[in-house]
file work.txt (compact mmCIF, C-alpha atoms and all ligand atoms)
# COMPACT_ATOMS: atom_id res chain seq x y z
CA MET A 656 -37.42 -110.10 -18.55
CA THR A 657 -34.16 -111.32 -20.08
CA ASP A 658 -32.06 -110.30 -17.07
CA GLY A 659 -34.77 -111.27 -14.63
CA TYR A 660 -34.33 -108.29 -12.29
CA ASP A 661 -37.25 -107.02 -10.27
CA LEU A 662 -35.57 -103.67 -9.76
CA ALA A 663 -32.71 -101.76 -11.35
CA VAL A 664 -31.25 -98.91 -9.30
CA VAL A 665 -29.24 -96.19 -11.03
CA GLY A 666 -26.52 -94.80 -8.74
CA ALA A 667 -24.59 -96.47 -5.90
CA GLY A 668 -24.61 -93.50 -3.53
CA ILE A 669 -26.32 -93.86 -0.16
CA VAL A 670 -29.75 -93.17 -1.68
CA GLY A 671 -29.37 -95.84 -4.36
CA LEU A 672 -28.03 -98.33 -1.81
CA GLY A 673 -30.89 -97.43 0.54
CA VAL A 674 -33.44 -98.24 -2.15
CA ALA A 675 -31.56 -101.45 -3.00
CA LEU A 676 -31.56 -102.54 0.67
CA ALA A 677 -35.28 -101.91 1.10
CA ALA A 678 -36.08 -103.88 -2.06
CA ALA A 679 -33.73 -106.73 -1.20
CA ARG A 680 -35.29 -107.01 2.26
CA GLN A 681 -38.59 -107.61 0.47
CA GLY A 682 -37.04 -110.43 -1.52
CA LYS A 683 -36.65 -108.50 -4.80
CA ARG A 684 -33.85 -109.31 -7.22
CA VAL A 685 -31.92 -106.07 -7.48
CA VAL A 686 -29.18 -104.74 -9.77
CA VAL A 687 -27.41 -101.44 -9.04
CA LEU A 688 -25.85 -99.62 -12.01
CA GLU A 689 -23.06 -97.17 -11.16
CA ARG A 690 -20.97 -95.33 -13.71
CA ASN A 691 -17.88 -94.99 -11.50
CA PRO A 692 -15.64 -97.82 -10.26
CA GLN A 693 -16.82 -96.98 -6.72
CA ALA A 694 -18.99 -94.33 -5.05
CA ILE A 695 -17.07 -91.03 -5.22
CA GLY A 696 -19.85 -88.46 -4.80
CA ALA A 697 -21.52 -86.76 -1.86
CA SER A 698 -22.05 -90.08 -0.13
CA ILE A 699 -18.34 -90.53 0.60
CA ARG A 700 -17.43 -86.83 0.95
CA ASN A 701 -19.78 -86.13 3.84
CA PHE A 702 -19.29 -86.16 7.62
CA GLY A 703 -20.83 -89.62 7.91
CA PHE A 704 -22.94 -87.92 10.52
CA VAL A 705 -26.32 -89.64 10.82
CA THR A 706 -28.18 -86.69 12.30
CA VAL A 707 -31.63 -86.79 13.88
CA SER A 708 -31.92 -83.69 16.08
CA GLY A 709 -31.96 -80.71 13.76
CA GLN A 710 -33.80 -82.38 10.88
CA ARG A 711 -36.96 -80.64 9.68
CA ALA A 712 -39.87 -81.47 12.01
CA GLY A 713 -42.39 -84.07 10.86
CA ASP A 714 -41.77 -86.63 8.11
CA HIS A 715 -38.12 -85.77 7.64
CA TRP A 716 -37.31 -86.12 11.32
CA ALA A 717 -39.16 -89.48 11.28
CA ARG A 718 -37.11 -90.52 8.24
CA ALA A 719 -33.93 -89.70 10.13
CA MET A 720 -35.02 -91.72 13.17
CA ARG A 721 -35.90 -94.71 11.00
CA SER A 722 -32.65 -94.44 9.02
CA ARG A 723 -30.65 -94.24 12.23
CA ASP A 724 -32.36 -97.44 13.39
CA ILE A 725 -31.46 -99.17 10.13
CA TRP A 726 -27.83 -98.03 10.39
CA ALA A 727 -27.75 -99.40 13.96
CA GLU A 728 -29.26 -102.71 12.80
CA ILE A 729 -26.77 -103.33 10.00
CA VAL A 730 -23.42 -101.85 11.06
CA ASN A 731 -22.14 -104.95 12.88
CA GLU A 732 -23.11 -107.38 10.15
CA ALA A 733 -21.73 -105.11 7.44
CA GLY A 734 -18.47 -104.56 9.36
CA ILE A 735 -19.02 -100.79 9.58
CA ALA A 736 -17.47 -99.03 12.57
CA VAL A 737 -19.50 -96.49 14.55
CA HIS A 738 -16.95 -93.96 15.80
CA HIS A 739 -19.18 -92.14 18.25
CA ARG A 740 -22.84 -91.59 19.09
CA GLY A 741 -24.92 -88.59 20.09
CA LEU A 742 -24.63 -84.86 19.54
CA LEU A 743 -23.56 -81.95 21.75
CA MET A 744 -25.03 -78.53 21.01
CA PRO A 745 -23.22 -75.96 23.19
CA ALA A 746 -25.16 -72.66 23.19
CA ARG A 747 -22.71 -69.77 23.49
CA ARG A 748 -25.30 -67.00 23.28
CA ASP A 749 -28.45 -66.40 25.34
CA GLU A 750 -30.46 -66.50 22.12
CA ALA A 751 -29.02 -69.94 21.33
CA ALA A 752 -29.88 -71.21 24.81
CA THR A 753 -33.45 -70.03 24.22
CA VAL A 754 -33.57 -72.11 21.01
CA LEU A 755 -32.42 -75.20 22.91
CA GLU A 756 -35.13 -74.71 25.53
CA ALA A 757 -37.77 -74.30 22.82
CA PHE A 758 -36.49 -77.41 21.00
CA LEU A 759 -36.75 -79.49 24.18
CA LYS A 760 -40.44 -78.62 24.41
CA THR A 761 -41.14 -80.03 20.92
CA PRO A 762 -41.81 -83.76 20.34
CA MET A 763 -38.31 -83.94 18.78
CA GLY A 764 -36.76 -83.01 22.12
CA ARG A 765 -38.30 -85.92 23.99
CA ASP A 766 -35.16 -87.99 24.55
CA CYS A 767 -32.75 -85.04 24.54
CA ARG A 768 -31.65 -83.16 27.66
CA LEU A 769 -29.53 -80.30 28.92
CA ILE A 770 -26.29 -81.55 30.42
CA THR A 771 -23.84 -79.96 32.82
CA HIS A 772 -20.58 -78.38 31.72
CA ALA A 773 -18.75 -81.19 33.53
CA GLU A 774 -20.66 -83.87 31.60
CA ALA A 775 -19.88 -82.09 28.34
CA ALA A 776 -16.20 -81.78 29.24
CA ASP A 777 -16.13 -85.51 29.93
CA MET A 778 -17.58 -86.26 26.49
CA VAL A 779 -15.47 -83.74 24.57
CA PRO A 780 -12.59 -82.45 26.74
CA SER A 781 -11.42 -79.93 24.14
CA LEU A 782 -14.78 -78.08 24.17
CA ARG A 783 -14.46 -74.48 25.39
CA ILE A 784 -16.81 -74.33 28.34
CA GLU A 785 -16.70 -70.53 28.70
CA PRO A 786 -18.86 -68.69 27.64
CA VAL A 787 -21.28 -71.57 27.02
CA GLN A 788 -24.75 -70.84 28.46
CA SER A 789 -26.25 -74.30 28.20
CA ILE A 790 -25.55 -77.58 26.39
CA LEU A 791 -28.04 -79.89 24.74
CA TYR A 792 -27.26 -83.59 24.45
CA SER A 793 -29.09 -85.58 21.79
CA PRO A 794 -28.60 -89.37 22.09
CA HIS A 795 -29.85 -90.32 18.62
CA GLU A 796 -26.94 -89.64 16.30
CA LEU A 797 -24.20 -91.93 15.10
CA ARG A 798 -21.10 -91.32 13.07
CA VAL A 799 -19.55 -93.58 10.45
CA GLU A 800 -16.58 -92.98 8.14
CA SER A 801 -18.43 -92.77 4.86
CA ALA A 802 -15.47 -93.45 2.57
CA ASP A 803 -15.05 -96.75 4.42
CA ALA A 804 -18.73 -97.43 5.17
CA LEU A 805 -20.08 -97.11 1.62
CA PRO A 806 -17.85 -99.81 0.08
CA ARG A 807 -18.61 -102.09 3.04
CA LEU A 808 -22.33 -101.44 2.66
CA ALA A 809 -22.16 -102.25 -1.06
CA ALA A 810 -20.19 -105.47 -0.41
CA TRP A 811 -22.63 -106.52 2.34
CA LEU A 812 -25.63 -105.90 0.08
CA THR A 813 -24.07 -108.28 -2.42
CA HIS A 814 -23.06 -111.00 0.03
CA LYS A 815 -26.00 -110.87 2.40
CA HIS A 816 -28.82 -109.87 0.07
CA GLY A 817 -27.64 -110.96 -3.37
CA VAL A 818 -27.75 -107.41 -4.75
CA GLU A 819 -25.71 -107.29 -7.95
CA ILE A 820 -23.70 -104.10 -8.31
CA ARG A 821 -22.35 -103.29 -11.74
CA TRP A 822 -19.60 -100.67 -11.44
CA ARG A 823 -18.30 -98.68 -14.44
CA THR A 824 -21.77 -98.92 -15.95
CA ALA A 825 -23.27 -95.59 -17.01
CA VAL A 826 -26.99 -95.50 -17.69
CA ARG A 827 -27.72 -93.49 -20.82
CA ALA A 828 -31.47 -93.91 -21.26
CA ILE A 829 -34.46 -95.81 -19.97
CA ASP A 830 -37.05 -97.03 -22.45
CA GLY A 831 -39.87 -98.85 -20.69
CA HIS A 832 -38.26 -101.86 -19.03
CA ARG A 833 -35.10 -101.63 -21.13
CA ILE A 834 -32.19 -99.72 -19.62
CA GLU A 835 -29.46 -98.62 -22.02
CA THR A 836 -26.06 -98.69 -20.37
CA SER A 837 -22.46 -98.19 -21.47
CA ARG A 838 -22.11 -101.98 -21.15
CA GLY A 839 -25.21 -103.09 -22.98
CA PRO A 840 -28.91 -103.25 -22.14
CA VAL A 841 -30.35 -104.35 -18.80
CA HIS A 842 -34.01 -105.29 -18.29
CA ALA A 843 -35.95 -104.84 -15.07
CA ASP A 844 -39.59 -104.70 -14.00
CA ALA A 845 -39.02 -101.45 -12.10
CA VAL A 846 -36.35 -98.74 -12.04
CA ALA A 847 -35.24 -96.32 -9.31
CA VAL A 848 -33.09 -93.46 -10.63
CA CYS A 849 -30.91 -92.10 -7.78
CA PRO A 850 -28.47 -89.81 -9.62
CA GLY A 851 -27.42 -87.42 -6.84
CA ASP A 852 -26.77 -84.04 -8.42
CA ASP A 853 -26.60 -85.23 -12.04
CA PHE A 854 -29.60 -83.35 -13.41
CA SER A 855 -28.74 -83.70 -17.10
CA THR A 856 -28.36 -87.38 -18.04
CA LEU A 857 -31.70 -89.02 -17.22
CA TYR A 858 -35.07 -87.24 -17.25
CA PRO A 859 -33.50 -83.76 -17.50
CA GLU A 860 -36.81 -82.02 -18.25
CA ARG A 861 -38.60 -83.60 -15.31
CA ILE A 862 -35.74 -82.78 -12.95
CA ALA A 863 -35.55 -79.21 -14.33
CA ALA A 864 -39.22 -78.70 -13.44
CA HIS A 865 -38.29 -78.95 -9.74
CA ASN A 866 -35.95 -75.91 -9.78
CA LEU A 867 -33.12 -77.73 -8.07
CA ARG A 868 -29.77 -76.15 -7.46
CA VAL A 869 -26.34 -77.58 -6.78
CA CYS A 870 -24.91 -76.83 -3.35
CA THR A 871 -21.10 -76.80 -3.09
CA LEU A 872 -19.55 -77.38 0.35
CA GLN A 873 -16.01 -77.05 1.68
CA MET A 874 -14.72 -79.57 4.19
CA LEU A 875 -11.54 -79.98 6.22
CA ARG A 876 -9.71 -82.76 8.00
CA VAL A 877 -8.13 -81.32 11.11
CA ALA A 878 -5.31 -82.88 13.09
CA PRO A 879 -6.07 -81.78 16.67
CA GLY A 880 -2.40 -81.47 17.71
CA ARG A 881 -2.87 -83.68 20.75
CA THR A 882 -4.87 -86.76 21.67
CA THR A 883 -8.37 -85.63 22.53
CA PRO A 884 -11.45 -87.82 22.37
CA PHE A 885 -14.79 -86.82 20.89
CA ARG A 886 -17.44 -89.05 22.42
CA ALA A 887 -20.16 -87.19 20.50
CA ALA A 888 -20.45 -84.94 17.46
CA VAL A 889 -20.41 -81.20 18.14
CA MET A 890 -22.24 -78.33 16.43
CA SER A 891 -22.38 -74.61 17.24
CA ASP A 892 -24.75 -71.61 17.48
CA MET A 893 -24.33 -71.22 13.71
CA SER A 894 -25.88 -74.68 13.27
CA LEU A 895 -28.86 -73.79 15.46
CA ALA A 896 -29.61 -71.01 13.00
CA ARG A 897 -29.18 -73.31 10.00
CA TYR A 898 -30.56 -76.80 10.75
CA GLU A 899 -34.29 -76.55 10.21
CA GLY A 900 -35.38 -78.56 13.25
CA PHE A 901 -33.92 -75.71 15.30
CA ALA A 902 -33.88 -72.80 12.85
CA ALA A 903 -37.59 -73.04 11.99
CA LEU A 904 -38.59 -72.51 15.63
CA PRO A 905 -39.85 -68.95 16.17
CA GLU A 906 -37.32 -68.60 18.99
CA ALA A 907 -34.50 -68.96 16.43
CA ASP A 908 -35.26 -65.60 14.78
CA ALA A 909 -33.43 -63.60 17.45
CA LEU A 910 -30.39 -65.87 17.16
CA ALA A 911 -30.34 -65.53 13.36
CA LYS A 912 -30.51 -61.73 13.66
CA ARG A 913 -27.66 -61.64 16.14
CA LEU A 914 -25.48 -63.95 14.02
CA ASP A 915 -26.27 -61.90 10.91
CA SER A 916 -24.80 -58.87 12.62
CA GLU A 917 -21.90 -60.58 14.45
CA GLN A 918 -20.80 -63.10 11.79
CA ALA A 919 -22.25 -61.66 8.59
CA GLU A 920 -19.52 -62.99 6.31
CA SER A 921 -19.86 -66.52 7.67
CA ARG A 922 -23.62 -66.41 7.37
CA ALA A 923 -23.36 -65.25 3.76
CA ALA A 924 -21.00 -68.16 3.01
CA GLY A 925 -23.42 -70.59 4.64
CA VAL A 926 -20.81 -71.49 7.23
CA HIS A 927 -21.73 -73.43 10.32
CA LEU A 928 -19.90 -76.02 12.38
CA ILE A 929 -19.97 -79.78 12.55
CA ALA A 930 -16.99 -81.56 14.10
CA VAL A 931 -16.77 -85.35 14.23
CA GLN A 932 -13.89 -87.70 14.94
CA SER A 933 -12.29 -90.51 12.94
CA ALA A 934 -10.58 -93.68 14.15
CA ASP A 935 -7.11 -92.08 13.98
CA GLY A 936 -8.20 -89.20 16.23
CA SER A 937 -8.36 -86.64 13.43
CA LEU A 938 -11.50 -84.55 13.00
CA VAL A 939 -13.77 -83.95 10.03
CA VAL A 940 -14.78 -80.30 10.23
CA GLY A 941 -17.06 -78.18 8.06
CA ASP A 942 -18.73 -76.61 6.28
CA SER A 943 -19.75 -73.83 3.88
CA HIS A 944 -22.65 -73.74 1.40
CA VAL A 945 -22.76 -72.00 -1.99
CA TYR A 946 -25.78 -72.51 -4.26
CA GLY A 947 -25.75 -72.33 -8.05
CA ASP A 948 -26.49 -74.07 -11.34
CA ALA A 949 -23.36 -76.20 -11.12
CA GLN A 950 -20.56 -77.25 -8.79
CA GLN A 951 -18.20 -74.40 -7.85
CA PRO A 952 -14.89 -75.62 -9.30
CA PHE A 953 -12.57 -73.63 -7.02
CA ALA A 954 -12.44 -73.75 -3.23
CA SER A 955 -12.18 -70.48 -1.32
CA GLU A 956 -9.35 -70.14 1.20
CA ARG A 957 -11.44 -67.53 2.97
CA PHE A 958 -14.31 -69.98 3.52
CA ASP A 959 -11.90 -72.48 5.06
CA GLN A 960 -10.69 -69.73 7.39
CA LEU A 961 -14.27 -68.86 8.40
CA ILE A 962 -14.91 -72.52 9.24
CA LEU A 963 -11.69 -72.68 11.27
CA ASP A 964 -12.57 -69.43 13.07
CA GLU A 965 -15.83 -71.00 14.22
CA PHE A 966 -13.94 -74.18 15.18
CA ASP A 967 -11.55 -72.11 17.33
CA ARG A 968 -14.44 -70.36 19.05
CA VAL A 969 -15.87 -73.72 20.09
CA PHE A 970 -12.72 -75.79 20.78
CA ASP A 971 -9.51 -75.14 22.66
CA LEU A 972 -7.04 -76.85 20.33
CA PRO A 973 -4.33 -74.26 19.61
CA GLU A 974 -2.00 -76.79 17.97
CA ARG A 975 -4.53 -77.92 15.39
CA THR A 976 -3.47 -78.17 11.75
CA VAL A 977 -5.37 -78.87 8.54
CA SER A 978 -4.31 -82.12 6.90
CA ARG A 979 -6.79 -82.31 4.00
CA ARG A 980 -9.32 -80.12 2.17
CA TRP A 981 -12.05 -81.17 -0.23
CA ILE A 982 -15.31 -80.05 -1.73
CA GLY A 983 -18.58 -81.90 -2.14
CA THR A 984 -21.85 -81.18 -3.85
CA TYR A 985 -25.46 -82.19 -3.43
CA ALA A 986 -28.84 -81.50 -5.00
CA SER A 987 -30.68 -78.74 -3.17
CA SER A 988 -34.20 -77.35 -3.10
CA HIS A 989 -35.80 -74.46 -1.24
CA GLU A 990 -39.10 -76.30 -1.06
CA HIS A 991 -38.55 -79.91 -0.12
CA THR A 992 -36.13 -82.19 1.68
CA VAL A 993 -36.67 -85.18 -0.62
CA LEU A 994 -38.05 -85.59 -4.11
CA VAL A 995 -39.73 -88.71 -5.52
CA ASP A 996 -40.95 -88.19 -9.08
CA ARG A 997 -42.90 -90.80 -11.12
CA PRO A 998 -42.21 -90.51 -14.86
CA GLU A 999 -43.91 -93.90 -15.39
CA ASP A 1000 -45.77 -96.34 -13.15
CA HIS A 1001 -42.69 -98.53 -12.76
CA ILE A 1002 -40.05 -95.77 -12.57
CA ARG A 1003 -39.11 -93.44 -9.70
CA ILE A 1004 -36.62 -90.58 -9.65
CA VAL A 1005 -35.33 -90.34 -6.08
CA LEU A 1006 -33.37 -87.41 -4.68
CA VAL A 1007 -32.54 -86.14 -1.22
CA THR A 1008 -32.62 -82.38 -1.77
CA GLY A 1009 -31.50 -81.05 1.58
CA GLY A 1010 -28.00 -82.38 2.23
CA THR A 1011 -29.19 -85.10 4.59
CA GLY A 1012 -28.90 -88.30 2.57
CA ALA A 1013 -26.66 -90.15 5.04
CA SER A 1014 -29.30 -89.44 7.71
CA THR A 1015 -32.43 -90.20 5.71
CA GLY A 1016 -31.53 -92.34 2.68
CA PHE A 1017 -32.41 -95.72 4.21
CA ALA A 1018 -35.91 -94.65 5.24
CA LEU A 1019 -36.47 -92.90 1.93
CA GLY A 1020 -35.51 -96.18 0.26
CA GLU A 1021 -38.27 -97.95 2.22
CA GLN A 1022 -40.77 -95.28 1.20
CA VAL A 1023 -39.83 -95.64 -2.47
CA ILE A 1024 -40.20 -99.43 -2.34
CA ASP A 1025 -43.56 -99.10 -0.56
CA ASP A 1026 -44.66 -96.70 -3.27
CA LEU A 1027 -43.48 -98.96 -6.12
CA TYR A 1028 -44.87 -102.21 -4.75
CA GLY A 1029 -47.74 -101.05 -2.54
CA SER A 1030 -45.99 -102.74 0.37
CA GLU A 1031 -46.01 -101.61 3.98
CA SER A 1032 -42.61 -101.34 5.64
CA VAL A 1033 -41.88 -99.84 9.04
CA MET A 1034 -41.39 -96.45 7.40
CA LYS A 1035 -44.89 -96.46 5.93
CA ARG A 1036 -46.32 -97.18 9.36
CA VAL A 1037 -44.14 -94.47 10.95
CA ALA A 1038 -45.17 -91.92 8.32
CA GLY A 1039 -48.81 -92.98 8.72
C1 LIG B 1101 -19.56 -82.21 1.98
C2 LIG B 1101 -20.87 -82.88 2.33
C3 LIG B 1101 -21.17 -83.15 3.66
C4 LIG B 1101 -22.37 -83.78 3.97
N1 LIG B 1101 -22.60 -84.20 5.24
C5 LIG B 1101 -23.68 -84.97 5.51
C6 LIG B 1101 -23.84 -85.58 6.77
O1 LIG B 1101 -22.95 -85.56 7.62
N2 LIG B 1101 -25.00 -86.24 7.03
C7 LIG B 1101 -25.95 -86.39 6.07
O2 LIG B 1101 -26.97 -86.99 6.35
N3 LIG B 1101 -25.77 -85.91 4.84
C8 LIG B 1101 -24.68 -85.21 4.53
N4 LIG B 1101 -24.49 -84.72 3.28
C9 LIG B 1101 -25.48 -85.01 2.26
C10 LIG B 1101 -25.37 -86.43 1.74
O3 LIG B 1101 -24.02 -86.79 1.57
C11 LIG B 1101 -26.15 -86.54 0.43
O4 LIG B 1101 -27.49 -86.14 0.66
C12 LIG B 1101 -26.14 -87.96 -0.11
O5 LIG B 1101 -24.83 -88.46 -0.17
C13 LIG B 1101 -26.78 -88.02 -1.48
O6 LIG B 1101 -26.70 -89.37 -1.89
P1 LIG B 1101 -27.01 -89.78 -3.37
O7 LIG B 1101 -26.91 -91.25 -3.43
O8 LIG B 1101 -28.29 -89.15 -3.80
O9 LIG B 1101 -25.92 -89.03 -4.25
P2 LIG B 1101 -24.40 -89.42 -4.63
O10 LIG B 1101 -23.61 -89.82 -3.47
O11 LIG B 1101 -23.92 -88.28 -5.44
O12 LIG B 1101 -24.57 -90.71 -5.56
C14 LIG B 1101 -25.19 -90.64 -6.80
C15 LIG B 1101 -24.53 -91.70 -7.67
O13 LIG B 1101 -25.25 -91.85 -8.88
C16 LIG B 1101 -24.31 -92.10 -9.90
N5 LIG B 1101 -24.95 -91.77 -11.17
C17 LIG B 1101 -25.56 -90.61 -11.51
N6 LIG B 1101 -26.05 -90.69 -12.77
C18 LIG B 1101 -25.74 -91.94 -13.21
C19 LIG B 1101 -25.98 -92.61 -14.45
N7 LIG B 1101 -26.64 -92.05 -15.46
N8 LIG B 1101 -25.54 -93.88 -14.59
C20 LIG B 1101 -24.87 -94.50 -13.57
N9 LIG B 1101 -24.61 -93.89 -12.38
C21 LIG B 1101 -25.05 -92.64 -12.21
C22 LIG B 1101 -23.14 -91.19 -9.55
O14 LIG B 1101 -21.96 -91.62 -10.18
C23 LIG B 1101 -23.10 -91.31 -8.04
O15 LIG B 1101 -22.22 -92.35 -7.61
C24 LIG B 1101 -23.30 -84.08 2.94
C25 LIG B 1101 -22.99 -83.78 1.61
C26 LIG B 1101 -21.79 -83.19 1.31
C27 LIG B 1101 -21.46 -82.91 -0.14
call {"tool": "encode", "arguments": {"input": "work.txt", "output": "structure tokens"}}
result
Amino acid sequence: MTDGYDLAVVGAGIVGLGVALAAARQGKRVVVLERNPQAIGASIRNFGFVTVSGQRAGDHWARAMRSRDIWAEIVNEAGIAVHHRGLLMPARRDEAATVLEAFLKTPMGRDCRLITHAEAADMVPSLRIEPVQSILYSPHELRVESADALPRLAAWLTHKHGVEIRWRTAVRAIDGHRIETSRGPVHADAVAVCPGDDFSTLYPERIAAHNLRVCTLQMLRVAPGRTTPFRAAVMSDMSLARYEGFAALPEADALAKRLDSEQAESRAAGVHLIAVQSADGSLVVGDSHVYGDAQQPFASERFDQLILDEFDRVFDLPERTVSRRWIGTYASSHEHTVLVDRPEDHIRIVLVTGGTGASTGFALGEQVIDDLYGSESVMKRVAG
């Protein structure tokens, strides 16, 4: 190979960097090819919320646990700040409390527990305690500021693991071991294509066969109006009816029915609530979900209002203001949470198709490297 790379990774989002990390940890010589001057896609537009509780039961939940462990292993070395840990799920309806109880009886609930209102108020003083029925605390989660974390992760991969990252380098085609880029050819023994929601540049027919859609989300940065700590992330009843680890429990049907009648417009807009805090005290709050063939170009003011209405139901922050609004997109599938396709023995197309790449990308990277090289990382042992 003229360039001498063991692996070329297309895309420097969290999935591409996850694959690069797993390969580099196995001593592979890795080059990452990214068309933009820095990551600007879903991986830096998200909540930076590494979520475990709520992920689909089974392999995906295990992926989230493993990814969380990898985040925890590397953050100090990579200079990435963890802003808070854990997750509070306040159940405002009886039906939501029933979901929490059912969740605690599953293997995923093992290290989670119901906490008192006083404990919750200590963690997040601005949480409205009335009319909360019960509150689940999950200890697994951590929160990073993705727009800061991704560049640090990329720099650390280069310095610590010798991963070469070529920015402003668009990959146009892959022909065997030769990769055609906007800056000339690159040669590698293996290729991992991690294009996020670009379904049309590389392997469009293969990607089209998986009936993927593009999900467009609206997000807000909220200034709380006063100093108020969040010592954990917070979700709401709407999230219990949306995140599969909760929503797929039979007990969640009654909650979904009630929400469909009480908050029909929000449910139709795919609105639920995640609120996390940044270093300056401001909050990242979202989100809505619209599915289609392409990114929705225009944000809806109404969706933002629906998100804020849910925020105001859960938090007592009357002085809050919105300081920033943005949209993000990700690849979405009805059927699966991740997609690994094999157009050739040495090539993998790698997509997270459920909006959970920050939570699962590192473990997926290990699985892809195990698959390419027949190796056995922790993730392979976890997944059996
Ligand atoms: C608003 C929002 C909130 C979210 N919140 C969370 C959350 O809190 N927790 C969580 O776990 N997940 C969350 N997600 C989902 C998560 O962000 C995504 O699953 C993840 O970022 C996908 O990573 P990726 O690397 O596949 O895609 P991307 O981040 O889109 O990266 C793909 C990269 O590939 C590059 N690329 C594509 N084609 C080429 C080519 N031909 N040549 C060169 N480069 C190419 C692109 O330029 C891009 O940089 C959220 C997503 C959004 C949009």
call {"tool": "closest_residue", "arguments": {"input": "work.txt", "among": "A:Leu857, A:Ala845, A:Val799, A:Val877", "to": "Ala825 of chain A", "atoms": "all atoms listed in the file"}}
result
A:Leu857
call {"tool": "atom_distance", "arguments": {"input": "work.txt", "atom1": "atom CA of Leu672 of chain A", "atom2": "atom CA of Ser708 of chain A"}}
result
23.4 Å
call {"tool": "residues_near_point", "arguments": {"input": "work.txt", "point": "(-29.0, -91.0, 14.1)", "cutoff": "6 Å", "atoms": "all atoms listed in the file", "output": "list in words"}}
result
Val705, Thr706, Val707, Arg723, His795, Glu796 and Leu797 of chain A
call {"tool": "atom_distance", "arguments": {"input": "work.txt", "atom1": "atom CA of Pro780 of chain A", "atom2": "atom CA of Thr883 of chain A"}}
result
6.8 Å
call {"tool": "residues_near_ligand", "arguments": {"input": "work.txt", "ligand": "ligand LIG 1101 (chain B)", "cutoff": "7 Å", "atoms": "all atoms listed in the file", "output": "ChimeraX atom specification"}}
result
/A:665-671,688-691,694-706,824-827,849-853,856-857,871-874,982-985,1006-1015
call {"tool": "closest_residue", "arguments": {"input": "work.txt", "among": "A:Glu756, A:Asp908, A:Glu999, A:Asp892", "to": "Glu965 of chain A", "atoms": "only C-alpha atoms"}}
result
A:Asp892
call {"tool": "atom_distance", "arguments": {"input": "work.txt", "atom1": "atom CA of Ser987 of chain A", "atom2": "atom CA of Glu917 of chain A"}}
result
26.8 Å
call {"tool": "axis_aligned_box", "arguments": {"input": "work.txt", "around": "segment 894-909 of chain A", "padding_each_side": "3 Å", "output": "AutoDock Vina command-line options"}}
result
--center_x -32.9 --center_y -71.1 --center_z 14.5 --size_x 20.0 --size_y 21.0 --size_z 15.0
call {"tool": "residues_around", "arguments": {"input": "work.txt", "residues": "Arg913 of chain A", "least_positions_apart": "5", "cutoff": "12 Å", "atoms": "all atoms listed in the file", "output": "PyMOL selection string"}}
result
chain A and resi 748-751+892-893+896+907-908+918-919+922
call {"tool": "closest_atom_pairs", "arguments": {"input": "work.txt", "of": "segment 860-957 of chain A", "to": "segment 783-793 of chain A", "cutoff": "10 Å", "atoms": "all atoms listed in the file", "output": "JSON lines"}}
result
{"residue": "A:Ala887", "atom": "CA", "partner": "A:Tyr792", "partner_atom": "CA", "distance": 8.9}
{"residue": "A:Ala888", "atom": "CA", "partner": "A:Ser793", "partner_atom": "CA", "distance": 9.7}
{"residue": "A:Val889", "atom": "CA", "partner": "A:Tyr792", "partner_atom": "CA", "distance": 9.6}
call {"tool": "write_last_selection", "arguments": {"input": "work.txt", "atoms": "C-alpha atoms", "output": "mmCIF file, in the frame of the given file"}}
result
data_model
loop_
_atom_site.group_PDB
_atom_site.id
_atom_site.type_symbol
_atom_site.label_atom_id
_atom_site.label_comp_id
_atom_site.auth_asym_id
_atom_site.auth_seq_id
_atom_site.Cartn_x
_atom_site.Cartn_y
_atom_site.Cartn_z
ATOM 1 C CA ALA A 887 -20.160 -87.190 20.500
ATOM 2 C CA ALA A 888 -20.450 -84.940 17.460
ATOM 3 C CA VAL A 889 -20.410 -81.200 18.140
#
call {"tool": "residues_around", "arguments": {"input": "work.txt", "residues": "Leu1027 of chain A", "least_positions_apart": "2", "cutoff": "12 Å", "atoms": "only C-alpha atoms", "output": "short mmCIF file (atom, residue, chain, number, x, y, z; two decimals) with C-alpha atoms, in the frame of the given file"}}
result
data_model
loop_
_atom_site.label_atom_id
_atom_site.label_comp_id
_atom_site.auth_asym_id
_atom_site.auth_seq_id
_atom_site.Cartn_x
_atom_site.Cartn_y
_atom_site.Cartn_z
CA ASP A 661 -37.25 -107.02 -10.27
CA LEU A 662 -35.57 -103.67 -9.76
CA VAL A 674 -33.44 -98.24 -2.15
CA ALA A 677 -35.28 -101.91 1.10
CA ALA A 678 -36.08 -103.88 -2.06
CA GLN A 681 -38.59 -107.61 0.47
CA LYS A 683 -36.65 -108.50 -4.80
CA ASP A 844 -39.59 -104.70 -14.00
CA ALA A 845 -39.02 -101.45 -12.10
CA VAL A 846 -36.35 -98.74 -12.04
CA ALA A 847 -35.24 -96.32 -9.31
CA VAL A 995 -39.73 -88.71 -5.52
CA ASP A 996 -40.95 -88.19 -9.08
CA ARG A 997 -42.90 -90.80 -11.12
CA GLU A 999 -43.91 -93.90 -15.39
CA ASP A 1000 -45.77 -96.34 -13.15
CA HIS A 1001 -42.69 -98.53 -12.76
CA ILE A 1002 -40.05 -95.77 -12.57
CA ARG A 1003 -39.11 -93.44 -9.70
CA ILE A 1004 -36.62 -90.58 -9.65
CA VAL A 1005 -35.33 -90.34 -6.08
CA GLY A 1020 -35.51 -96.18 0.26
CA GLU A 1021 -38.27 -97.95 2.22
CA GLN A 1022 -40.77 -95.28 1.20
CA VAL A 1023 -39.83 -95.64 -2.47
CA ILE A 1024 -40.20 -99.43 -2.34
CA ASP A 1025 -43.56 -99.10 -0.56
CA GLY A 1029 -47.74 -101.05 -2.54
CA SER A 1030 -45.99 -102.74 0.37
CA GLU A 1031 -46.01 -101.61 3.98
#
